[in-house]
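Notes to accompany the following structure.
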Amino acid sequence: MHFTLVKTLTVAILGLLSATRAQESSYPYTSSDLHCPEGSHPGFVHNSYTYLAPLHKFTKITGSFFDIAWYGGCSAAFKIGTDNVPGAIRGGPCDGGVFNETLTMFTAHSDGFESTLHGRPWTFPLPHQPPVHFDGYVETMRFESICGGKVTYIDLISHWCTDNQSGGYNAWYTIHMEVFQALAAGIGAPVLAGDCPRSCS
Ligand SMILES: *[C@@H]1O[C@H](CO)[C@@H](O)[C@H](O)[C@H]1NC(C)=O
Ligand SMILES: *[C@@H]1O[C@H](CO)[C@@H](O)[C@H](O)[C@H]1NC(C)=O
């Protein structure tokens with residue numbers, strides 16, 4: 001009888017696990033390797049940042065796909081689907097254009113989270129430069145707790161299609177720098193060079 005109960009529970013738990021997995025994998029895989037329309041060229045940039053502050057200080061601000069005011073200042077006027085579940089869409093007017101981004105991957109665990117989004121075509125207005133048009137873009141962002149929870153490592157890789165390669169690279173590089181400097185400054189997190197901090201005791 002005992003054995004039957006354990007077996008029933010095991011089956012129930014396995015059932016739950018596979019239901020969760022099925023839900024996670026129900027969103028179709030979308031490649032980050034963009035195929036650009038004619039006249040448009042793929043480009044990419046990889047940026048990483050390490051700050052002396054625990055992960056939760058960042059995730060409180062950055063942990064919601066729907067809440068992106070921290071990332072460049074525009075908020076999502078439309079939000080479709082469920083926050084942080086692949087298939088969710090966020091978008092709205094931003095600096096004279098309209099952005100429209102679909103979450104295509106999201107994984108979270110106790111020591112970090114990682115997400116990928118695919119953006120529809122968007123023209124970025126830039127200060128002191130002609131605007132840059134993107135025929136679509138993909139961005140993967142990762143926040144990871146390191147050094148025993150004292151430090152947060154942030155990693156971004158962005159891919160895009162544009163007819164202005166130097167303008168496209170500059171736009172993404174500048175956005176990343178400004179956004180993450182402001183984010184870290186806002187929570188008073190110093191930049192960390194590469195060694196985990198030593199205990200003071
Ligand atoms: C946003 O893009 C999706 C496709 O990814 C489309 O179905 C939807 O209509 C778009 N929304 C707006 C407001 O452009
Ligand atoms: C491409 O972007 C650069 C800025 O990096 C700008 O100086 C240049 O005028 C842009 N070219 C076009 C055709 O918009």
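Here, A, B, ... name the chains of the structure tokens in the order displayed, residue numbers run from 1 inside each chain, and ligands are numbered from 1 in the same displayed order.
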Residues flagged alpha helix (DSSP H) by DSSP in chain A, as a PyMOL selection string: chain A and resi 2-25+55-62+165-186
File dump, residues just selected, C-alpha atoms, as a CSV table (one decimal), in the first residue's frame:
```csv
chain,number,residue,atom,x,y,z
A,2,HIS,CA,2.8,2.3,1.0
A,3,PHE,CA,4.7,1.4,-2.2
A,4,THR,CA,1.6,2.1,-4.3
A,5,LEU,CA,1.2,5.5,-2.7
A,6,VAL,CA,4.9,6.4,-3.4
A,7,LYS,CA,4.4,5.1,-6.9
A,8,THR,CA,1.3,7.2,-7.4
A,9,LEU,CA,3.1,10.3,-6.1
A,10,THR,CA,6.1,9.7,-8.3
A,11,VAL,CA,3.9,9.3,-11.3
A,12,ALA,CA,2.0,12.5,-10.3
A,13,ILE,CA,5.3,14.5,-9.8
A,14,LEU,CA,6.8,13.2,-13.1
A,15,GLY,CA,3.5,14.2,-14.8
A,16,LEU,CA,3.8,17.7,-13.4
A,17,LEU,CA,7.5,17.9,-14.4
A,18,SER,CA,6.8,16.9,-18.0
A,19,ALA,CA,3.8,19.2,-18.1
A,20,THR,CA,6.1,22.1,-17.1
A,21,ARG,CA,8.7,21.0,-19.7
A,22,ALA,CA,6.0,20.8,-22.4
A,23,GLN,CA,4.9,24.3,-21.5
A,24,GLU,CA,8.5,25.6,-21.6
A,25,SER,CA,9.2,24.0,-25.0
A,55,LEU,CA,21.8,39.7,-8.1
A,56,HIS,CA,18.5,40.5,-6.4
A,57,LYS,CA,19.4,44.2,-6.5
A,58,PHE,CA,19.4,43.9,-10.3
A,59,THR,CA,16.5,41.5,-10.8
A,60,LYS,CA,14.2,43.7,-8.8
A,61,ILE,CA,14.6,46.3,-11.6
A,62,THR,CA,15.4,44.1,-14.6
A,165,GLN,CA,26.7,48.8,-40.3
A,166,SER,CA,28.7,51.4,-38.4
A,167,GLY,CA,25.6,53.3,-37.3
A,168,GLY,CA,24.0,50.0,-36.2
A,169,TYR,CA,27.0,48.9,-34.1
A,170,ASN,CA,27.3,52.4,-32.5
A,171,ALA,CA,23.6,52.5,-31.6
A,172,TRP,CA,23.7,49.1,-29.7
A,173,TYR,CA,27.0,49.7,-28.1
A,174,THR,CA,26.0,53.1,-26.9
A,175,ILE,CA,22.6,51.9,-25.6
A,176,HIS,CA,24.3,49.1,-23.6
A,177,MET,CA,26.9,51.3,-22.1
A,178,GLU,CA,24.5,54.0,-21.1
A,179,VAL,CA,21.8,51.6,-19.8
A,180,PHE,CA,24.1,49.5,-17.6
A,181,GLN,CA,26.1,52.4,-16.3
A,182,ALA,CA,22.9,54.1,-15.2
A,183,LEU,CA,21.5,50.9,-13.7
A,184,ALA,CA,24.6,50.2,-11.6
A,185,ALA,CA,24.9,53.9,-10.6
A,186,GLY,CA,21.2,53.8,-9.5
```
Test item: residues lying within 10 Å of ligand 1 with only C-alpha atoms and all ligand atoms, as a PyMOL selection string: chain A and resi 77-80+87-93+98-103+118-121
Suppose we keep N, CA and C atoms; can you now write the selection as a PDB file, in the first residue's frame?
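Result file is selection_36.pdb:
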```pdb
ATOM      1  N   ALA A  77       3.684  50.135 -24.016  1.00  0.00           N
ATOM      2  CA  ALA A  77       2.284  50.555 -24.046  1.00  0.00           C
ATOM      3  C   ALA A  77       1.391  49.343 -24.262  1.00  0.00           C
ATOM      4  N   PHE A  78       1.913  48.334 -24.970  1.00  0.00           N
ATOM      5  CA  PHE A  78       1.129  47.094 -25.074  1.00  0.00           C
ATOM      6  C   PHE A  78       1.943  45.904 -24.610  1.00  0.00           C
ATOM      7  N   LYS A  79       1.238  45.033 -23.891  1.00  0.00           N
ATOM      8  CA  LYS A  79       1.838  43.828 -23.318  1.00  0.00           C
ATOM      9  C   LYS A  79       0.870  42.705 -23.621  1.00  0.00           C
ATOM     10  N   ILE A  80       1.343  41.705 -24.355  1.00  0.00           N
ATOM     11  CA  ILE A  80       0.461  40.604 -24.749  1.00  0.00           C
ATOM     12  C   ILE A  80       1.052  39.312 -24.198  1.00  0.00           C
ATOM     13  N   GLY A  87       6.793  33.883 -26.000  1.00  0.00           N
ATOM     14  CA  GLY A  87       5.583  34.175 -26.751  1.00  0.00           C
ATOM     15  C   GLY A  87       5.003  35.526 -26.331  1.00  0.00           C
ATOM     16  N   ALA A  88       5.384  35.996 -25.131  1.00  0.00           N
ATOM     17  CA  ALA A  88       4.907  37.309 -24.661  1.00  0.00           C
ATOM     18  C   ALA A  88       5.434  38.402 -25.599  1.00  0.00           C
ATOM     19  N   ILE A  89       4.620  39.424 -25.812  1.00  0.00           N
ATOM     20  CA  ILE A  89       5.009  40.535 -26.692  1.00  0.00           C
ATOM     21  C   ILE A  89       4.910  41.836 -25.900  1.00  0.00           C
ATOM     22  N   ARG A  90       5.900  42.705 -26.069  1.00  0.00           N
ATOM     23  CA  ARG A  90       5.837  44.044 -25.476  1.00  0.00           C
ATOM     24  C   ARG A  90       6.141  45.053 -26.571  1.00  0.00           C
ATOM     25  N   GLY A  91       5.594  46.234 -26.453  1.00  0.00           N
ATOM     26  CA  GLY A  91       5.907  47.236 -27.458  1.00  0.00           C
ATOM     27  C   GLY A  91       5.163  48.521 -27.218  1.00  0.00           C
ATOM     28  N   GLY A  92       5.390  49.456 -28.131  1.00  0.00           N
ATOM     29  CA  GLY A  92       4.725  50.742 -28.021  1.00  0.00           C
ATOM     30  C   GLY A  92       5.551  51.831 -28.660  1.00  0.00           C
ATOM     31  N   PRO A  93       5.036  53.042 -28.627  1.00  0.00           N
ATOM     32  CA  PRO A  93       5.782  54.159 -29.194  1.00  0.00           C
ATOM     33  C   PRO A  93       7.032  54.437 -28.369  1.00  0.00           C
ATOM     34  N   VAL A  98       8.023  52.918 -33.288  1.00  0.00           N
ATOM     35  CA  VAL A  98       7.239  51.963 -32.499  1.00  0.00           C
ATOM     36  C   VAL A  98       8.048  50.674 -32.405  1.00  0.00           C
ATOM     37  N   PHE A  99       8.277  50.204 -31.179  1.00  0.00           N
ATOM     38  CA  PHE A  99       8.993  48.936 -31.025  1.00  0.00           C
ATOM     39  C   PHE A  99       8.003  47.825 -30.730  1.00  0.00           C
ATOM     40  N   ASN A 100       8.380  46.625 -31.106  1.00  0.00           N
ATOM     41  CA  ASN A 100       7.512  45.458 -30.966  1.00  0.00           C
ATOM     42  C   ASN A 100       8.430  44.248 -30.806  1.00  0.00           C
ATOM     43  N   GLU A 101       8.483  43.702 -29.579  1.00  0.00           N
ATOM     44  CA  GLU A 101       9.454  42.657 -29.260  1.00  0.00           C
ATOM     45  C   GLU A 101       8.774  41.426 -28.677  1.00  0.00           C
ATOM     46  N   THR A 102       9.193  40.265 -29.144  1.00  0.00           N
ATOM     47  CA  THR A 102       8.645  38.995 -28.662  1.00  0.00           C
ATOM     48  C   THR A 102       9.692  38.263 -27.840  1.00  0.00           C
ATOM     49  N   LEU A 103       9.314  37.822 -26.661  1.00  0.00           N
ATOM     50  CA  LEU A 103      10.202  37.005 -25.828  1.00  0.00           C
ATOM     51  C   LEU A 103      10.246  35.602 -26.433  1.00  0.00           C
ATOM     52  N   HIS A 118      13.129  38.806 -29.764  1.00  0.00           N
ATOM     53  CA  HIS A 118      13.219  39.139 -31.182  1.00  0.00           C
ATOM     54  C   HIS A 118      12.441  40.424 -31.410  1.00  0.00           C
ATOM     55  N   GLY A 119      13.083  41.415 -32.009  1.00  0.00           N
ATOM     56  CA  GLY A 119      12.431  42.701 -32.242  1.00  0.00           C
ATOM     57  C   GLY A 119      12.042  42.863 -33.702  1.00  0.00           C
ATOM     58  N   ARG A 120      10.878  43.430 -33.915  1.00  0.00           N
ATOM     59  CA  ARG A 120      10.413  43.742 -35.271  1.00  0.00           C
ATOM     60  C   ARG A 120      11.163  44.973 -35.781  1.00  0.00           C
ATOM     61  N   PRO A 121      11.124  45.246 -37.082  1.00  0.00           N
ATOM     62  CA  PRO A 121      11.841  46.405 -37.615  1.00  0.00           C
ATOM     63  C   PRO A 121      11.518  47.697 -36.849  1.00  0.00           C
TER      64      PRO A 121
END
```
Nearest to ligand 2, chosen from A:Arg198, A:His128, A:His159, A:His41, with only C-alpha atoms and all ligand atoms counted in the distances: A:His128
Point-to-point distance in Å for CA of Gly148 in chain A and CA of Pro197 in chain A: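 Computed distance, CA of Pro197 in chain A to CA of Gly148 in chain A, equals 9.7 Å.
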Using only C-alpha atoms: which of A:Gly96, A:Gly112, A:Pro131, A:Pro37 has the shortest distance to Ile154 in chain A: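 That would be A:Gly112, the residue with the smallest distance to Ile154 in chain A.
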Best match for closeness to ligand 2 among A:Cys147, A:Val132, A:Cys161, A:Leu34, counting only C-alpha atoms and all ligand atoms: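 Under the stated criterion, the closest residue is A:Val132.
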CA of Leu126 in chain A to atom 8 (C, counted along the ligand's line) of ligand 2, distance in Å rounded to a single decimal: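 Computing the Euclidean distance for CA of Leu126 in chain A and atom 8 (C, counted along the ligand's line) of ligand 2 yields 10.7 Å.
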Atom-to-atom span, CA of Ser110 in chain A and CA of Glu144 in chain A, Å: 9.4 Å
DSSP-assigned strand (DSSP E) among range 41-146 of chain A, expressed as number ranges by chain: A: 41-51, 78-80, 89-94, 97-109, 112-119, 122-126, 129-146
Test item: residues at most 9 Å from Pro86 in chain A, only C-alpha atoms, excluding those fewer than 4 positions along its chain, as a list of chain:residue names: A:Glu24, A:Ser25, A:Ser26, A:Tyr27, A:Pro28, A:Gly81, A:Thr82, A:Thr102, A:Leu103, A:Thr104, A:Met105, A:Phe106, A:Ser115, A:Thr116, A:Leu117
